[in-house]
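S.K.: This structure is in structure tokens; I'll ask about it shortly.
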Amino acid sequence: MNTGDTGFMILSAALVFFMTPGLAFFYGGLVRRKNVCSTMMACTSIMGLSVVMWVLFGYSLSFGGNHLGIIGDFRWLAFRHVGMDAGPYADTIPHLVFAAFQMMFAMITPALITGSLVGRMKFKALFFFMAFWSVLVYYPLAHMVWGSGGILAKLGSVDFAGGNVVHISSGVSALVLSILLGRRRGYEHTTYRVHNVPFVLLGASILWFGWFGFNAGSALGANGLAAHAFMTSALSSACAMLTWMLIEVIRERKPTLVGASTGLVIGLVAITPGAGFVPIWSAFLIGGLVSPICYFGVALVKKKLKIDDALDAFGCHGIGGIWGGLATGLFGQSSINSTAQWDGLFFGDTRLFLAQLAGIFITIIIAVIGTLVCAGIIRIFTELRVSVRDEQLGLDISQHGESAYPTFTGLDQ
Amino acid sequence: MLIKVEAIIREEQFEDVKQALQEIGVNGMTVSQVMGCGAQWGYTQYVRGMEVDIQMVPKIKFEIVVSSEEWETKTIQAIQKAAFTGQVGDGKIFSYEIRMAQKIRTKETGYDALQSDN
């Protein structure tokens with residue numbers, strides 16, 4: 001047991017926790033004025049749901065025991081035997097701290113999906129979807145990548161802080177669910193109606209701050225690797241922000257605050273799987289290239305495929321996460337972190353890159369199937385989508401009976 | 001004859017128009033923030049590289065009631081000069097006759113209702 005590690009990990013857990021409310025502001029600012037409460041409520045309700053589920057059985061299913069490398073068991077039901085002593089995953093911190101840190105990841109991942117669903121998904125359907133999705137997609141994936149005997153880890157695929165588990169899984173699920181839901185009304189005119197740009201920056205800044213806990217904390221100790229992950233994260237985020245601004249200046253002549261905020265977030269998405277595996281210099285490339293990839297990825301999804309991935313949960317987290325996973329296979333070095341068995345493609349070894357490809361592929365398959373199954377289960381009980389009238393009225397009033405700005409009567413609804 | 005002059009102008013020309021009307025000495029005005037568009041149906045904006053059609057554009061509406069055709073011309077000319085930029089979206093000015101006016105405090109009607117006490 002090490003007090004330095006313990007203190008660092010408790011604070012890192014709190015930092016990661018703060019990302020979900022940050023995400024609520026990030027998403028809340030991007031939507032139109034009649035859907036602000038519902039967008040924020042989607043993230044907020046998941047904060048409650050995920051903690052209850054995690055303590056009851058989520059942690060045990062993800063990390064307790066091992067069945068076929070796919071899922072755990074119920075040995076730690078309701079945190080039985082999860083206590084103040086060190087657990088099997090980290091020697092220097094209490095088992096409870098590890099479980100708390102992982103809990104925050106199980107919280108933000110379903111919240112990320114909600115970005116593609118805004119303005120049209122029934123709250124009841126969304127809430128129960130997230131409960132089923134956690135069980136069918138998140139817990140198995142967390143087990144496969146980080147749990148003892150997980151098959152993705154056995155393949156040699158690495159994921160430092162959750163590129164597969166968090167970003168690719170949520171992004172791909174968001175894409176599938178937005179196809180199932182269909183497009184919002186008026187999509188052909190307006191894919192975005194950003195109602196509060198300062199909220200977007202507020203959310204993005206909270207995300208950036210919290211992400212230091214997310215990535216550095218994934219070292220599971222207050223050590224050099226944590227510092228390494230901290231710096232690759234900062235650098236990748238900064239580079240992505242600048243390249244996004246550059247693209248906007250070239251294509252639209254003016255850099256926007258929404259664009260800068262988007263860039264910094266996807267820079268963090270891209271570095272997440274590799275933060276503790278890649279050399280610092282590679283973060284220039286990982287962050288610098290994620291912006292053009294996502295910028296054109298968003299256009300591909302929205303303009304060509306005409307899919308209403310409303311706030312780009314797939315365009316940013318899915319595509320950015322896949323790039324991050326591949327980049328880890330390009331630039332990863334076992335000398336930085338011996339969890340990686342091989343060096344990346346850039347250093348002349350193909351094995352890590354192929355393992356990354358396999359990991360990404362399996363994650364996508366699980367996310368697609370899991371989302372279809374969850375949506376199928378929900379459809380037995382309720383429609384996924386609100387009525388036309390409720391959509392026109394706005395989800396704030398129709399789903400929650402409250403309005404974000406009750407005294408403001410502009411025509412920008 | 002009482003005539004109402006209505007002008008829909010650019011938000012950024014608000015101060016200039018207000019000052020021009022003050023300079024010619026109109027006895028009062030009503031101003032509101034409105035949304036609307038002309039033949040162009042707004043403009044296109046970019047968010048994350050995607051085109052967003054902004055159809056309703058915020059504008060300022062001035063309403064001034066005057067008591068003669070001479071004042072009507074004077075008011076319209078002042079607004080036209082102050083609101084002009086030469087770009088698409090400068091707005092429009094309308095005028096029409098109105099039937100009646102009454103000052104609430106003094107109950108005066110017609111021409112008298114529009115005059116100031118000093």
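Naming works like this for the structure tokens: A, B, ... for the chains as they're shown, residue 1 at the start of each chain, ligands 1 onward in shown order.
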I'd like the contact shell of Ile266 of chain A - 9 Å cut-off, only C-alpha atoms, skipping same-chain residues fewer than 2 positions apart - returned as a list in words.
M.R.: Ser236, Ser237, Ala240, Met241, Ser261, Thr262, Gly263, Leu264, Leu268, Val269, Ala270, Ile271, Gly287, Val290, Ser291, Cys294, Cys316, His317, Gly320 and Gly321 of chain A
S.K.: Write out, as a tab-separated table (two decimals), in the first residue's frame, the residues just selected, with N, CA and C atoms.
M.R.:
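Written file, part-v5.tsv:
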chain	number	residue	atom	x	y	z
A	236	SER	N	-1.32	16.23	-27.32
A	236	SER	CA	-2.22	15.79	-28.38
A	236	SER	C	-3.43	16.70	-28.47
A	237	SER	N	-3.98	17.06	-27.32
A	237	SER	CA	-5.15	17.92	-27.27
A	237	SER	C	-4.84	19.28	-27.89
A	240	ALA	N	-4.40	19.04	-31.71
A	240	ALA	CA	-5.67	18.83	-32.40
A	240	ALA	C	-6.48	20.13	-32.45
A	241	MET	N	-6.43	20.89	-31.36
A	241	MET	CA	-7.16	22.15	-31.35
A	241	MET	C	-6.63	23.08	-32.44
A	261	SER	N	-13.07	23.97	-29.49
A	261	SER	CA	-13.50	23.08	-28.40
A	261	SER	C	-13.59	21.64	-28.91
A	262	THR	N	-14.12	21.48	-30.13
A	262	THR	CA	-14.23	20.14	-30.72
A	262	THR	C	-12.84	19.55	-30.91
A	263	GLY	N	-11.94	20.36	-31.43
A	263	GLY	CA	-10.58	19.90	-31.69
A	263	GLY	C	-9.90	19.42	-30.43
A	264	LEU	N	-9.99	20.18	-29.36
A	264	LEU	CA	-9.27	19.78	-28.15
A	264	LEU	C	-9.83	18.47	-27.59
A	268	LEU	N	-7.88	14.57	-27.29
A	268	LEU	CA	-7.84	13.73	-26.10
A	268	LEU	C	-8.34	12.32	-26.41
A	269	VAL	N	-9.40	12.25	-27.25
A	269	VAL	CA	-9.92	10.94	-27.65
A	269	VAL	C	-8.80	10.13	-28.32
A	270	ALA	N	-8.09	10.80	-29.23
A	270	ALA	CA	-7.08	10.09	-30.03
A	270	ALA	C	-5.91	9.59	-29.19
A	271	ILE	N	-5.54	10.33	-28.16
A	271	ILE	CA	-4.36	9.93	-27.38
A	271	ILE	C	-4.73	8.91	-26.31
A	287	GLY	N	-2.33	13.90	-32.31
A	287	GLY	CA	-3.26	15.01	-32.13
A	287	GLY	C	-3.43	15.82	-33.40
A	290	VAL	N	-5.68	13.97	-35.99
A	290	VAL	CA	-7.05	13.55	-35.67
A	290	VAL	C	-8.08	14.58	-36.16
A	291	SER	N	-7.71	15.85	-36.18
A	291	SER	CA	-8.68	16.87	-36.59
A	291	SER	C	-9.08	16.74	-38.05
A	294	CYS	N	-11.28	13.59	-38.38
A	294	CYS	CA	-12.65	13.72	-37.86
A	294	CYS	C	-13.45	14.75	-38.64
A	316	CYS	N	-16.67	12.01	-33.72
A	316	CYS	CA	-15.55	12.39	-32.86
A	316	CYS	C	-15.00	11.20	-32.08
A	317	HIS	N	-15.86	10.50	-31.33
A	317	HIS	CA	-15.35	9.45	-30.44
A	317	HIS	C	-15.09	8.15	-31.19
A	320	GLY	N	-12.31	9.19	-34.03
A	320	GLY	CA	-11.11	9.59	-33.28
A	320	GLY	C	-10.54	8.42	-32.49
A	321	GLY	N	-11.43	7.59	-31.92
A	321	GLY	CA	-10.99	6.45	-31.13
A	321	GLY	C	-10.31	5.39	-32.00
S.K.: Using only C-alpha atoms, find each residue in chain B having at least one atom no more than 7 Å away from chain A; report its shortest atom-to-atom pair and that distance in Å (one decimal), rows by chain then rising number, as CSV.
M.R.:
residue,atom,partner,partner_atom,distance
B:Arg48,CA,A:Gly259,CA,5.9
B:Gly49,CA,A:Tyr295,CA,6.6
B:Met50,CA,A:Ala299,CA,6.7
B:Val52,CA,A:Thr190,CA,4.8
B:Asp53,CA,A:His189,CA,5.6
S.K.: What would the file look like if the residues just selected were written as a compact mmCIF listing (two decimals), in the first residue's frame with all heavy atoms?
M.R.:
# COMPACT_ATOMS: atom_id res chain seq x y z
N ARG B 48 -18.62 22.82 -37.35
CA ARG B 48 -17.85 21.59 -37.55
C ARG B 48 -17.83 21.20 -39.03
O ARG B 48 -18.03 20.04 -39.39
CB ARG B 48 -18.42 20.44 -36.72
CG ARG B 48 -18.16 20.60 -35.23
CD ARG B 48 -18.67 19.41 -34.46
NE ARG B 48 -18.38 19.55 -33.04
CZ ARG B 48 -18.87 18.75 -32.12
NH1 ARG B 48 -19.68 17.76 -32.45
NH2 ARG B 48 -18.55 18.91 -30.86
N GLY B 49 -17.67 22.20 -39.89
CA GLY B 49 -17.55 21.94 -41.31
C GLY B 49 -18.87 21.66 -42.01
O GLY B 49 -18.89 21.42 -43.21
N MET B 50 -19.97 21.66 -41.27
CA MET B 50 -21.26 21.37 -41.89
C MET B 50 -22.03 22.66 -42.10
O MET B 50 -22.03 23.53 -41.24
CB MET B 50 -22.09 20.44 -40.99
CG MET B 50 -21.45 19.09 -40.76
SD MET B 50 -21.35 18.12 -42.26
CE MET B 50 -23.07 17.89 -42.60
N VAL B 52 -25.00 25.14 -42.10
CA VAL B 52 -26.21 25.32 -41.30
C VAL B 52 -26.96 26.51 -41.88
O VAL B 52 -26.40 27.60 -41.99
CB VAL B 52 -25.86 25.59 -39.83
CG1 VAL B 52 -27.10 25.89 -39.02
CG2 VAL B 52 -25.12 24.41 -39.24
N ASP B 53 -28.21 26.31 -42.31
CA ASP B 53 -28.98 27.42 -42.88
C ASP B 53 -29.56 28.26 -41.77
O ASP B 53 -30.33 27.77 -40.95
CB ASP B 53 -30.13 26.87 -43.73
CG ASP B 53 -29.60 26.15 -44.95
OD1 ASP B 53 -28.47 26.45 -45.35
OD2 ASP B 53 -30.32 25.29 -45.50
S.K.: For a quick check of understanding, using only C-alpha atoms, which of A:Gly394, A:Gly72, A:Pro110, A:Gly64 has the smallest distance to Thr44 of chain A?
M.R.: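 Using only C-alpha atoms, Thr44 of chain A sits closest to A:Pro110.
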S.K.: Pick out the residues sitting within 12 Å of Ser116 of chain B, and hand them over as a PyMOL selection string; count only C-alpha atoms, and ignore anything fewer than 2 positions along from it in its own chain.
M.R.: chain B and resi 25-28+103+106+108+111-114+118
S.K.: In Å, with one decimal, what is the gap from atom CA of Ala327 of chain A to atom CA of Gly267 of chain A?
M.R.: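 A separation of 12.2 Å between them.
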S.K.: Within 9 Å of Ala131 of chain A, counting only C-alpha atoms, which residues qualify if same-chain residues fewer than 3 places away don't, as JSON, numbers by chain?
M.R.: {"A": [46, 49, 50, 53, 110, 126, 127, 128, 134, 135, 136]}
S.K.: Emit the selected residues as a compact mmCIF listing (two decimals), in the first residue's frame, including N, CA and C atoms.
M.R.:
# COMPACT_ATOMS: atom_id res chain seq x y z
N ILE A 46 -27.55 9.15 -16.13
CA ILE A 46 -26.58 8.05 -16.22
C ILE A 46 -25.60 8.08 -15.04
N LEU A 49 -27.52 6.14 -12.46
CA LEU A 49 -27.72 4.76 -12.87
C LEU A 49 -26.42 3.95 -12.83
N SER A 50 -25.35 4.55 -13.37
CA SER A 50 -24.11 3.78 -13.52
C SER A 50 -23.47 3.44 -12.17
N MET A 53 -25.53 0.56 -10.55
CA MET A 53 -25.28 -0.71 -11.25
C MET A 53 -23.87 -1.23 -11.01
N PRO A 110 -21.47 5.36 -21.41
CA PRO A 110 -22.83 5.47 -21.96
C PRO A 110 -23.26 6.93 -22.16
N LEU A 126 -34.25 5.78 -23.57
CA LEU A 126 -32.82 6.08 -23.41
C LEU A 126 -32.29 5.53 -22.09
N PHE A 127 -33.05 5.76 -21.02
CA PHE A 127 -32.61 5.35 -19.69
C PHE A 127 -32.41 3.83 -19.61
N PHE A 128 -33.43 3.09 -20.08
CA PHE A 128 -33.31 1.63 -19.98
C PHE A 128 -32.31 1.08 -21.00
N SER A 134 -24.91 -1.13 -20.71
CA SER A 134 -23.80 -1.30 -19.76
C SER A 134 -23.52 -2.78 -19.54
N VAL A 135 -24.60 -3.56 -19.40
CA VAL A 135 -24.44 -4.99 -19.11
C VAL A 135 -23.95 -5.75 -20.35
N LEU A 136 -24.53 -5.43 -21.50
CA LEU A 136 -24.24 -6.23 -22.71
C LEU A 136 -22.99 -5.78 -23.46
S.K.: Excluding segment 355-363 of chain A and its own-chain neighbours fewer than 5 positions away, which residues fall within 7 Å of it when counting only C-alpha atoms? Please give them as an NGL selection string.
M.R.: :A and (152 or 155-158 or 164 or 169 or 322 or 325-326 or 329)
S.K.: Go ahead and save the picked residues with C-alpha atoms, as a tab-separated table (two decimals), in the first residue's frame.
M.R.:
chain	number	residue	atom	x	y	z
A	152	LEU	CA	-8.34	-8.66	-26.09
A	155	LEU	CA	-4.29	-10.96	-28.22
A	156	GLY	CA	-1.63	-8.43	-27.31
A	157	SER	CA	-3.90	-5.50	-28.10
A	158	VAL	CA	-3.33	-2.59	-25.72
A	164	ASN	CA	-11.64	0.68	-27.37
A	169	SER	CA	-17.62	1.29	-28.18
A	322	ILE	CA	-10.24	4.21	-34.11
A	325	GLY	CA	-6.13	2.71	-31.54
A	326	LEU	CA	-4.31	2.50	-34.88
A	329	GLY	CA	-0.18	0.31	-33.07
